[in-house]
2 protein chains.
Amino acid sequence: MDLNLMRELSVVTDSKIVLLVLDGLGGLPMDPYGRTELEAANSPNLDALATRSDLGLSRPVAAGISPGSGPGHLALFGYDPLKYEVGRGVLSALGIGFELGENDLAARVNFATKDESGRISDRRAGRIANEQAAKLVELLNENLRLDGAEVFVTHEKEHRAVAVFRGTGLSDALSDSDPQRVGLEPLPVEPTNGDADSERSAELANTFIAEADSILADHHPANTVLLRGFGMHPALPNFDEVYKLRAAAIASYPMYKGLARLAGMEVLKEGEGIAGEFATLEANWDSYDFFFIHIKGTDAAGEDGDPGRKAAVIEEVDALVPDLLDLGPAALAVTGDHSTPAKMKSHSWHGVPFLLSSEYTLPTAESFGERACAGGSLGAFPAEEIMGLLMGHALKLNRYGA
Amino acid sequence: MDLNLMRELSVVTDSKIVLLVLDGLGGLPMDPYGRTELEAANSPNLDALATRSDLGLSRPVAAGISPGSGPGHLALFGYDPLKYEVGRGVLSALGIGFELGENDLAARVNFATKDESGRISDRRAGRIANEQAAKLVELLNENLRLDGAEVFVTHEKEHRAVAVFRGTGLSDALSDSDPQRVGLEPLPVEPTNGDADSERSAELANTFIAEADSILADHHPANTVLLRGFGMHPALPNFDEVYKLRAAAIASYPMYKGLARLAGMEVLKEGEGIAGEFATLEANWDSYDFFFIHIKGTDAAGEDGDPGRKAAVIEEVDALVPDLLDLGPAALAVTGDHSTPAKMKSHSWHGVPFLLSSEYTLPTAESFGERACAGGSLGAFPAEEIMGLLMGHALKLNRYGA
């Protein structure tokens, strides 16, 4: 979407926007003549809402492309996911709740095993136990010092951790140290462009690895670390600056809180479970113009290949829809950040069902489902346009041109 | 649309194209379960035509964006409305029928009241009567001379007029003199970029204001003028050059004639009312390859919030469709430049119903309406593509590539 157009035309009003994201909402029939998870779900409230809503199928990134959580959400927030990249290191840092600063450089850390010849014999250090890994992380934080940058190591799970380098003039134009196969020596981290920042950052990363090697020397099998997925804060345009919205995020998983924070949303302390998230929405209704609510369970059930559980999560959300409508949003979108068909047990490229409820809709169907959306008045459209649609329907955009 | 592709592939043939624009055609149901203006209209001829036409919903500018008449028509003519901007001063000049030259700089003029301290006490000079304002415009035209540029002032309505500066090296990169609020001094017109043209143009504008002040000194409350909305001819690619079409425009309002003239169309003298416009089409059928016919009444009724009157205008057009078809256009589009739902009493961002009749269509519906178009073979698509579709259906485009 043309963010400059949004900057130019957006105005502050009292109307409220809600973007309700059921992660991985889109699905497929398990067999060609069956129903999708959303079509099969017993969701009378969403169906009733669909009869007075605009419907369509949104495309997160590009035809045939299955998006990760980063690009999926960036598109929902109106940012071109091919322009604004969120590195894996950054996503890992967000995923563990690390509040990444604008100049921080993040990387994924794997504890690994190096043999006497200096070659990597296990890229996961025998899938070291959580407790043991956490102790090693502590050891690194206590003993590892770099010249000209702070470094924070945070444990993620088993052999996985995240390192965040904090300083000025850092760059993520860096290659991985992970050789990807056992029997090879770890690679030196190298600058992938020739500027001074990336050369200095490569030096910092290599020093980090050398220091870690000496700190971990006696901790076989976790006697070294591999670094990969270097990334920096993507410096997303701010929701307030682009859309003139006081935006709040309600999510139960750190990664989605982190993505929302990258866009300048305030992350609200959420209640327990889905009902708790909706309660948080209600409690904060008067304080913001825009709410992003993230529901994780649909994606998790899809990844597990469990269409029934995915439908059950949709039904749990459905039961809370009347309370949400009672709050009186001027524009409400119900959609996903991508599809996660239980049939595929993974994220997919398929169009994501999209429902937009407002006073100004052209309803076309009797229910909310992928096929109802396929015939909707919005057609198949890029997810990047969702924010423009919401802003328009909430009457928060001036006319373009005379 | 890629105009270079059109330049490369377009060929001259005998086939004729008609672009019939019902301004603000798109609508909404007044209540969620009702019908739109177009759906409710008794339009048997358009419905019959729909059964043998391609249908779709066109998007004038971008998701959620309500276009003005300028961008709406530019898109219909195949020009990117975000690239080619038509300034407000230009639209005003077109609106009063001023034939704007390629180097002309236009601005809106408001007669206003300045108090003894030099502050604006009324931005509309007490909404001065038309007759009195017309006399003051005459006074300005008789007495106001600028070094190095001609200037033409034309009265619009009440306190509003248009000034057109004609010369070489003019620029519209200028700020307004209107302070927007009473109690403030008028602002000097300032160049908004540093080039010589804009500096010189700012000087001309400020001299214009100073001269006008002395000419109007004794004409309280209209003792000064405020200038705003500076704009120049947008230098649109010419229809003849891009599409190789001898293009004619038939419209009853000056602004639409002006927009057509910007694109290089010849403006035909139209007959009285809608029937008169169609009679003009028939009378000139043999002399042109392309006809743009503009019907204003649908938009006006939508702006007035009158769905019945909007439907009645559609019905009046519908009755003339058989005569139009008898002329034998190779490709006929029936659409709008944007939506103006009576429910909203304003232009809106909603998809615009689009019908394309030719020998080579894939019909999908039994009637012409927003929901029939939502399920059409063209889907939801950018209005900028309409000219390409018409050229293709009229067999005026060579194959691309071997």
# chains A, B, ... in the order shown; residues from 1 in each chain; ligands from 1
$ calpha_fit_and_write --fixed "chain A" --moving "chain B" --output "CSV table (one decimal) with C-alpha atoms, in the first residue's frame"
chain,number,residue,atom,x,y,z
B,1,MET,CA,0.0,0.0,0.0
B,2,ASP,CA,1.1,3.5,-0.6
B,3,LEU,CA,1.9,4.6,3.0
B,4,ASN,CA,2.4,8.2,1.9
B,5,LEU,CA,-1.2,8.3,0.8
B,6,MET,CA,-2.2,7.2,4.2
B,7,ARG,CA,0.1,9.8,5.8
B,8,GLU,CA,-1.5,12.5,3.6
B,9,LEU,CA,-5.2,11.5,4.0
B,10,SER,CA,-5.5,9.9,7.5
B,11,VAL,CA,-7.3,12.0,10.1
B,12,VAL,CA,-8.0,11.5,13.8
B,13,THR,CA,-11.5,10.6,14.7
B,14,ASP,CA,-13.4,9.0,17.6
B,15,SER,CA,-14.2,5.9,15.5
B,16,LYS,CA,-12.5,2.6,16.5
B,17,ILE,CA,-11.0,-0.1,14.4
B,18,VAL,CA,-10.5,-3.7,15.4
B,19,LEU,CA,-8.3,-6.1,13.4
B,20,LEU,CA,-9.1,-9.6,14.7
B,21,VAL,CA,-6.5,-12.1,13.4
B,22,LEU,CA,-7.1,-15.8,13.7
B,23,ASP,CA,-3.6,-17.0,12.9
B,24,GLY,CA,-3.6,-19.3,9.9
B,25,LEU,CA,-7.4,-19.0,9.5
B,26,GLY,CA,-7.6,-20.0,5.8
B,27,GLY,CA,-8.1,-23.7,5.2
B,28,LEU,CA,-9.0,-26.3,2.6
B,29,PRO,CA,-11.5,-29.1,2.4
B,30,MET,CA,-9.8,-32.3,3.6
B,31,ASP,CA,-11.2,-34.0,0.5
B,32,PRO,CA,-12.2,-32.1,-2.6
B,33,TYR,CA,-15.9,-32.3,-2.0
B,34,GLY,CA,-15.8,-31.4,1.7
B,35,ARG,CA,-15.8,-28.3,3.7
B,36,THR,CA,-13.0,-26.2,5.0
B,37,GLU,CA,-12.4,-25.7,8.8
B,38,LEU,CA,-14.1,-22.3,8.7
B,39,GLU,CA,-17.0,-23.6,6.7
B,40,ALA,CA,-17.4,-26.6,9.0
B,41,ALA,CA,-17.2,-24.6,12.2
B,42,ASN,CA,-20.5,-23.9,13.9
B,43,SER,CA,-20.1,-20.1,14.0
B,44,PRO,CA,-23.6,-18.5,13.9
B,45,ASN,CA,-22.3,-15.1,15.0
B,46,LEU,CA,-19.7,-14.8,12.3
B,47,ASP,CA,-22.2,-16.1,9.8
B,48,ALA,CA,-24.7,-13.5,10.8
B,49,LEU,CA,-22.0,-10.8,10.7
B,50,ALA,CA,-21.1,-12.0,7.2
B,51,THR,CA,-24.6,-11.3,6.0
B,52,ARG,CA,-23.9,-7.6,6.6
B,53,SER,CA,-20.2,-7.5,5.8
B,54,ASP,CA,-17.8,-7.1,2.8
B,55,LEU,CA,-16.1,-10.3,2.0
B,56,GLY,CA,-13.0,-11.2,0.1
B,57,LEU,CA,-9.9,-13.4,-0.1
B,58,SER,CA,-6.7,-11.7,0.8
B,59,ARG,CA,-3.2,-12.7,-0.5
B,60,PRO,CA,-0.5,-12.2,2.0
B,61,VAL,CA,2.7,-11.9,-0.2
B,62,ALA,CA,2.5,-13.2,-3.7
B,63,ALA,CA,0.9,-15.9,-5.8
B,64,GLY,CA,2.0,-19.4,-4.6
B,65,ILE,CA,4.1,-18.0,-1.8
B,66,SER,CA,3.6,-19.4,1.7
B,67,PRO,CA,4.4,-16.6,4.2
B,68,GLY,CA,6.0,-16.9,7.6
B,69,SER,CA,4.5,-15.0,10.5
B,70,GLY,CA,6.7,-11.9,9.9
B,71,PRO,CA,5.6,-11.2,6.3
B,72,GLY,CA,2.1,-12.3,7.1
B,73,HIS,CA,1.6,-9.7,9.8
B,74,LEU,CA,3.6,-7.0,8.1
B,75,ALA,CA,1.1,-7.2,5.2
B,76,LEU,CA,-1.8,-7.0,7.6
B,77,PHE,CA,-0.4,-3.9,9.1
B,78,GLY,CA,-0.2,-2.3,5.6
B,79,TYR,CA,3.6,-2.8,5.0
B,80,ASP,CA,5.0,-4.3,1.8
B,81,PRO,CA,6.3,-7.7,3.1
B,82,LEU,CA,8.8,-7.8,0.3
B,83,LYS,CA,10.2,-4.4,1.2
B,84,TYR,CA,10.3,-4.7,5.0
B,85,GLU,CA,12.0,-8.0,5.9
B,86,VAL,CA,12.1,-9.3,9.4
B,87,GLY,CA,15.2,-11.5,9.8
B,88,ARG,CA,15.0,-14.8,11.6
B,89,GLY,CA,17.2,-13.5,14.5
B,90,VAL,CA,14.8,-10.7,15.0
B,91,LEU,CA,11.8,-13.0,15.0
B,92,SER,CA,13.5,-15.2,17.6
B,93,ALA,CA,14.3,-12.2,19.7
B,94,LEU,CA,10.7,-11.1,19.5
B,95,GLY,CA,9.5,-14.6,20.1
B,96,ILE,CA,11.2,-14.6,23.5
B,97,GLY,CA,9.9,-11.2,24.4
B,98,PHE,CA,13.1,-9.3,23.9
B,99,GLU,CA,12.4,-5.6,23.4
B,100,LEU,CA,14.5,-5.0,20.4
B,101,GLY,CA,15.9,-1.5,19.9
B,102,GLU,CA,16.2,0.3,16.6
B,103,ASN,CA,20.0,-0.3,16.4
B,104,ASP,CA,20.1,-3.8,17.8
B,105,LEU,CA,21.5,-6.7,15.8
B,106,ALA,CA,20.0,-10.1,16.6
B,107,ALA,CA,21.2,-13.6,15.8
B,108,ARG,CA,20.1,-17.1,16.5
B,109,VAL,CA,22.5,-19.0,18.7
B,110,ASN,CA,22.9,-22.7,18.8
B,111,PHE,CA,24.9,-24.5,21.4
B,112,ALA,CA,27.0,-27.1,19.5
B,113,THR,CA,29.8,-29.6,20.0
B,114,LYS,CA,33.3,-29.0,18.5
B,115,ASP,CA,35.7,-32.0,18.4
B,116,GLU,CA,39.5,-31.8,19.1
B,117,SER,CA,40.2,-31.1,15.4
B,118,GLY,CA,38.0,-28.0,15.5
B,119,ARG,CA,35.2,-29.6,13.5
B,120,ILE,CA,31.5,-29.5,14.5
B,121,SER,CA,30.5,-32.9,15.6
B,122,ASP,CA,27.0,-32.0,16.8
B,123,ARG,CA,25.1,-28.9,15.7
B,124,ARG,CA,22.7,-29.1,18.6
B,125,ALA,CA,25.1,-30.1,21.5
B,126,GLY,CA,23.1,-33.3,22.1
B,127,ARG,CA,19.9,-31.3,22.3
B,128,ILE,CA,21.1,-30.1,25.7
B,129,ALA,CA,18.5,-29.9,28.4
B,130,ASN,CA,16.7,-26.6,29.1
B,131,GLU,CA,18.1,-26.2,32.6
B,132,GLN,CA,21.7,-26.8,31.6
B,133,ALA,CA,21.4,-24.5,28.6
B,134,ALA,CA,19.9,-21.7,30.8
B,135,LYS,CA,23.0,-22.0,33.1
B,136,LEU,CA,25.4,-21.7,30.1
B,137,VAL,CA,23.5,-18.6,28.9
B,138,GLU,CA,23.9,-17.1,32.4
B,139,LEU,CA,27.6,-17.9,32.2
B,140,LEU,CA,27.9,-16.2,28.8
B,141,ASN,CA,26.1,-13.1,30.0
B,142,GLU,CA,28.3,-12.8,33.1
B,143,ASN,CA,31.6,-13.3,31.4
B,144,LEU,CA,31.4,-12.2,27.8
B,145,ARG,CA,32.4,-8.6,27.1
B,146,LEU,CA,32.8,-6.9,23.7
B,147,ASP,CA,34.6,-3.7,22.8
B,148,GLY,CA,32.1,-1.1,21.6
B,149,ALA,CA,28.9,-3.1,21.9
B,150,GLU,CA,26.8,-4.6,24.6
B,151,VAL,CA,25.6,-8.1,24.1
B,152,PHE,CA,22.6,-9.9,25.6
B,153,VAL,CA,22.1,-13.7,25.3
B,154,THR,CA,18.7,-15.1,26.1
B,155,HIS,CA,17.8,-18.7,26.2
B,156,GLU,CA,15.0,-19.9,23.9
B,157,LYS,CA,14.6,-23.7,24.2
B,158,GLU,CA,17.0,-26.7,24.5
B,159,HIS,CA,20.1,-25.8,22.5
B,160,ARG,CA,18.7,-22.6,21.1
B,161,ALA,CA,19.3,-19.1,22.3
B,162,VAL,CA,19.3,-15.5,20.9
B,163,ALA,CA,22.1,-13.0,21.0
B,164,VAL,CA,21.4,-9.3,20.7
B,165,PHE,CA,24.3,-6.9,20.0
B,166,ARG,CA,23.5,-3.3,21.0
B,167,GLY,CA,25.6,-0.5,19.7
B,168,THR,CA,25.9,2.1,17.0
B,169,GLY,CA,26.8,1.3,13.4
B,170,LEU,CA,25.8,-2.3,13.4
B,171,SER,CA,24.7,-4.1,10.3
B,172,ASP,CA,23.0,-7.4,9.5
B,173,ALA,CA,24.7,-7.9,6.2
B,174,LEU,CA,26.5,-11.0,7.7
B,175,SER,CA,26.9,-14.6,6.7
B,176,ASP,CA,26.2,-17.5,9.2
B,177,SER,CA,28.9,-19.2,11.1
B,178,ASP,CA,26.8,-22.5,11.1
B,179,PRO,CA,28.4,-24.8,8.5
B,180,GLN,CA,25.0,-26.6,8.2
B,181,ARG,CA,26.7,-30.0,8.3
B,182,VAL,CA,28.7,-31.9,10.9
B,183,GLY,CA,32.3,-32.8,10.1
B,184,LEU,CA,33.1,-29.3,9.0
B,185,GLU,CA,34.7,-26.4,10.8
B,186,PRO,CA,32.5,-23.5,11.7
B,187,LEU,CA,32.6,-20.7,9.2
B,188,PRO,CA,33.9,-17.2,10.1
B,189,VAL,CA,31.1,-14.7,10.1
B,190,GLU,CA,31.7,-12.5,7.0
B,191,PRO,CA,30.3,-9.2,5.8
B,192,THR,CA,28.1,-9.8,2.8
B,193,ASN,CA,28.6,-6.2,1.6
B,194,GLY,CA,31.8,-4.2,1.8
B,195,ASP,CA,30.7,-1.3,4.1
B,196,ALA,CA,32.4,-0.5,7.3
B,197,ASP,CA,29.3,-1.3,9.5
B,198,SER,CA,29.1,-4.9,8.2
B,199,GLU,CA,32.9,-5.4,8.6
B,200,ARG,CA,32.8,-4.2,12.1
B,201,SER,CA,29.7,-6.2,12.9
B,202,ALA,CA,31.4,-9.4,11.5
B,203,GLU,CA,34.4,-8.7,13.8
B,204,LEU,CA,32.0,-8.4,16.8
B,205,ALA,CA,30.3,-11.6,15.9
B,206,ASN,CA,33.6,-13.5,15.5
B,207,THR,CA,34.9,-12.1,18.8
B,208,PHE,CA,31.7,-13.2,20.4
B,209,ILE,CA,32.2,-16.7,19.1
B,210,ALA,CA,35.9,-16.8,20.2
B,211,GLU,CA,35.0,-15.6,23.7
B,212,ALA,CA,32.1,-18.0,24.0
B,213,ASP,CA,34.5,-20.8,23.0
B,214,SER,CA,36.8,-20.1,25.8
B,215,ILE,CA,34.0,-19.6,28.4
B,216,LEU,CA,32.4,-22.9,27.3
B,217,ALA,CA,35.6,-24.9,26.9
B,218,ASP,CA,34.9,-27.2,29.8
B,219,HIS,CA,31.2,-27.6,29.1
B,220,HIS,CA,31.3,-30.4,26.5
B,221,PRO,CA,29.0,-31.2,24.6
B,222,ALA,CA,28.0,-27.5,24.6
B,223,ASN,CA,31.6,-26.3,24.1
B,224,THR,CA,30.9,-23.8,21.2
B,225,VAL,CA,28.1,-21.7,19.7
B,226,LEU,CA,27.0,-21.3,16.1
B,227,LEU,CA,25.5,-18.0,14.9
B,228,ARG,CA,22.9,-17.6,12.1
B,229,GLY,CA,20.0,-15.5,10.9
B,230,PHE,CA,21.5,-12.1,11.6
B,231,GLY,CA,18.8,-9.5,11.5
B,232,MET,CA,18.1,-6.0,12.6
B,233,HIS,CA,15.0,-4.1,13.7
B,234,PRO,CA,13.2,-3.5,10.3
B,235,ALA,CA,12.5,0.1,11.2
B,236,LEU,CA,8.8,-0.1,10.2
B,237,PRO,CA,6.9,3.1,9.7
B,238,ASN,CA,5.0,3.7,12.9
B,239,PHE,CA,1.2,3.2,13.1
B,240,ASP,CA,0.8,6.6,14.9
B,241,GLU,CA,2.8,8.4,12.2
B,242,VAL,CA,1.2,6.7,9.2
B,243,TYR,CA,-2.4,6.2,10.2
B,244,LYS,CA,-2.6,8.7,13.1
B,245,LEU,CA,-3.9,5.8,15.3
B,246,ARG,CA,-3.3,5.1,18.9
B,247,ALA,CA,-2.8,1.4,18.4
B,248,ALA,CA,-2.9,-1.4,20.9
B,249,ALA,CA,-2.0,-5.1,20.5
B,250,ILE,CA,-3.5,-8.0,22.4
B,251,ALA,CA,-1.7,-11.3,21.8
B,252,SER,CA,-0.8,-14.3,23.9
B,253,TYR,CA,2.5,-15.2,22.2
B,254,PRO,CA,5.6,-13.1,22.4
B,255,MET,CA,6.4,-13.1,18.7
B,256,TYR,CA,3.1,-11.4,17.8
B,257,LYS,CA,3.5,-8.9,20.6
B,258,GLY,CA,7.0,-8.2,19.2
B,259,LEU,CA,5.7,-7.7,15.6
B,260,ALA,CA,3.1,-5.3,16.9
B,261,ARG,CA,5.7,-3.4,18.9
B,262,LEU,CA,7.8,-3.1,15.7
B,263,ALA,CA,4.9,-1.2,14.1
B,264,GLY,CA,4.7,1.1,17.1
B,265,MET,CA,1.6,-0.5,18.8
B,266,GLU,CA,1.4,-0.6,22.5
B,267,VAL,CA,1.2,-4.2,23.8
B,268,LEU,CA,-1.5,-4.6,26.4
B,269,LYS,CA,-1.3,-7.1,29.2
B,270,GLU,CA,-3.6,-9.8,28.1
B,271,GLY,CA,-5.9,-11.9,30.2
B,272,GLU,CA,-6.0,-15.7,30.2
B,273,GLY,CA,-7.0,-17.5,27.0
B,274,ILE,CA,-9.1,-16.2,24.2
B,275,ALA,CA,-11.8,-14.9,26.5
B,276,GLY,CA,-9.0,-13.1,28.5
B,277,GLU,CA,-7.9,-11.4,25.3
B,278,PHE,CA,-11.4,-10.1,24.6
B,279,ALA,CA,-11.7,-9.0,28.2
B,280,THR,CA,-8.5,-7.0,27.7
B,281,LEU,CA,-10.0,-5.4,24.6
B,282,GLU,CA,-13.1,-4.3,26.6
B,283,ALA,CA,-11.1,-3.0,29.5
B,284,ASN,CA,-9.0,-0.8,27.2
B,285,TRP,CA,-11.7,0.2,24.7
B,286,ASP,CA,-11.7,3.9,25.6
B,287,SER,CA,-7.9,4.3,25.5
B,288,TYR,CA,-7.1,3.5,21.9
B,289,ASP,CA,-8.4,3.9,18.3
B,290,PHE,CA,-7.1,0.7,16.9
B,291,PHE,CA,-6.9,-2.8,18.3
B,292,PHE,CA,-4.9,-5.8,16.9
B,293,ILE,CA,-6.1,-9.0,18.5
B,294,HIS,CA,-4.1,-12.1,17.8
B,295,ILE,CA,-5.5,-15.6,18.3
B,296,LYS,CA,-2.9,-18.4,18.0
B,297,GLY,CA,-4.9,-21.6,18.3
B,298,THR,CA,-6.2,-21.8,14.7
B,299,ASP,CA,-2.7,-21.9,13.3
B,300,ALA,CA,-1.5,-24.4,15.9
B,301,ALA,CA,-4.4,-26.7,15.2
B,302,GLY,CA,-3.8,-26.4,11.4
B,303,GLU,CA,-0.1,-27.2,11.8
B,304,ASP,CA,-1.1,-30.3,13.8
B,305,GLY,CA,-3.4,-31.4,11.0
B,306,ASP,CA,-6.5,-31.2,13.2
B,307,PRO,CA,-9.4,-29.6,11.4
B,308,GLY,CA,-11.8,-30.3,14.3
B,309,ARG,CA,-9.7,-28.5,16.8
B,310,LYS,CA,-9.2,-25.6,14.4
B,311,ALA,CA,-13.0,-25.4,14.0
B,312,ALA,CA,-13.3,-25.5,17.7
B,313,VAL,CA,-11.0,-22.5,18.2
B,314,ILE,CA,-13.1,-20.6,15.6
B,315,GLU,CA,-16.2,-21.5,17.5
B,316,GLU,CA,-14.6,-20.2,20.7
B,317,VAL,CA,-13.9,-16.9,19.0
B,318,ASP,CA,-17.4,-16.9,17.5
B,319,ALA,CA,-19.0,-17.0,20.9
B,320,LEU,CA,-17.2,-13.8,21.9
B,321,VAL,CA,-18.1,-11.9,18.8
B,322,PRO,CA,-21.4,-10.5,20.2
B,323,ASP,CA,-19.5,-8.9,23.1
B,324,LEU,CA,-17.0,-7.4,20.6
B,325,LEU,CA,-19.8,-6.0,18.5
B,326,ASP,CA,-21.5,-4.5,21.6
B,327,LEU,CA,-18.4,-2.3,22.0
B,328,GLY,CA,-19.3,-0.6,18.7
B,329,PRO,CA,-16.3,-0.8,16.5
B,330,ALA,CA,-16.7,1.5,13.4
B,331,ALA,CA,-14.8,-1.1,11.4
B,332,LEU,CA,-14.0,-4.7,12.3
B,333,ALA,CA,-11.9,-7.1,10.2
B,334,VAL,CA,-11.9,-10.8,10.9
B,335,THR,CA,-9.2,-12.6,9.0
B,336,GLY,CA,-5.9,-14.4,9.2
B,337,ASP,CA,-2.2,-13.6,8.5
B,338,HIS,CA,-2.1,-16.5,6.1
B,339,SER,CA,-3.8,-19.9,5.6
B,340,THR,CA,-2.8,-23.0,7.5
B,341,PRO,CA,-4.9,-25.8,6.1
B,342,ALA,CA,-5.1,-28.8,8.4
B,343,LYS,CA,-4.8,-30.8,5.2
B,344,MET,CA,-1.3,-29.4,4.6
B,345,LYS,CA,-0.2,-29.2,8.3
B,346,SER,CA,1.7,-26.0,7.3
B,347,HIS,CA,1.4,-22.4,6.3
B,348,SER,CA,0.2,-22.1,2.7
B,349,TRP,CA,-0.2,-19.6,-0.1
B,350,HIS,CA,-4.0,-19.9,-0.3
B,351,GLY,CA,-6.3,-16.9,-0.2
B,352,VAL,CA,-7.2,-15.9,3.4
B,353,PRO,CA,-10.9,-15.4,4.2
B,354,PHE,CA,-11.5,-11.8,5.0
B,355,LEU,CA,-14.6,-10.2,6.5
B,356,LEU,CA,-15.0,-6.4,7.1
B,357,SER,CA,-18.0,-5.2,9.1
B,358,SER,CA,-19.0,-1.6,9.1
B,359,GLU,CA,-22.0,0.6,8.4
B,360,TYR,CA,-20.9,0.8,4.8
B,361,THR,CA,-20.7,-2.7,3.3
B,362,LEU,CA,-22.0,-4.5,0.3
B,363,PRO,CA,-23.0,-8.0,1.6
B,364,THR,CA,-22.9,-10.9,-0.8
B,365,ALA,CA,-23.3,-14.1,1.3
B,366,GLU,CA,-25.1,-15.9,4.1
B,367,SER,CA,-22.0,-17.2,5.9
B,368,PHE,CA,-18.4,-16.6,6.6
B,369,GLY,CA,-16.2,-19.1,4.7
B,370,GLU,CA,-13.5,-19.4,2.0
B,371,ARG,CA,-16.1,-19.9,-0.8
B,372,ALA,CA,-18.4,-17.2,0.4
B,373,CYS,CA,-15.3,-14.9,0.5
B,374,ALA,CA,-14.3,-16.0,-3.1
B,375,GLY,CA,-17.5,-14.5,-4.4
B,376,GLY,CA,-17.4,-11.4,-2.2
B,377,SER,CA,-17.4,-7.8,-3.2
B,378,LEU,CA,-13.7,-7.4,-2.4
B,379,GLY,CA,-12.7,-10.3,-4.7
B,380,ALA,CA,-9.1,-11.6,-4.3
B,381,PHE,CA,-6.9,-8.8,-3.1
B,382,PRO,CA,-3.5,-8.1,-1.5
B,383,ALA,CA,-3.5,-8.3,2.3
B,384,GLU,CA,-1.5,-5.1,2.2
B,385,GLU,CA,-4.7,-3.3,1.3
B,386,ILE,CA,-6.5,-4.3,4.5
B,387,MET,CA,-5.4,-1.2,6.6
B,388,GLY,CA,-6.6,1.1,3.8
B,389,LEU,CA,-10.0,-0.6,3.8
B,390,LEU,CA,-10.3,-0.4,7.5
B,391,MET,CA,-9.3,3.3,7.6
B,392,GLY,CA,-11.8,4.0,4.8
B,393,HIS,CA,-14.7,2.1,6.5
B,394,ALA,CA,-14.0,3.9,9.8
B,395,LEU,CA,-14.2,7.2,7.9
B,396,LYS,CA,-10.7,8.1,8.9
B,397,LEU,CA,-9.5,9.1,5.4
B,398,ASN,CA,-10.0,12.4,3.7
B,399,ARG,CA,-11.0,12.4,0.0
B,400,TYR,CA,-8.1,12.1,-2.4
B,401,GLY,CA,-8.1,15.0,-4.9
B,402,ALA,CA,-10.9,17.5,-5.5
$ select_by_dssp --residues "region 237-371 of chain A" --states "alpha helix (DSSP H)" --output "ChimeraX atom specification"
/A:239-243,254-262,273-283,297-303,307-326,370-371
$ select_by_dssp --residues "region 173-253 of chain A" --states "strand (DSSP E)" --output "MDAnalysis selection string"
chainID A and resid 224:232 247:250
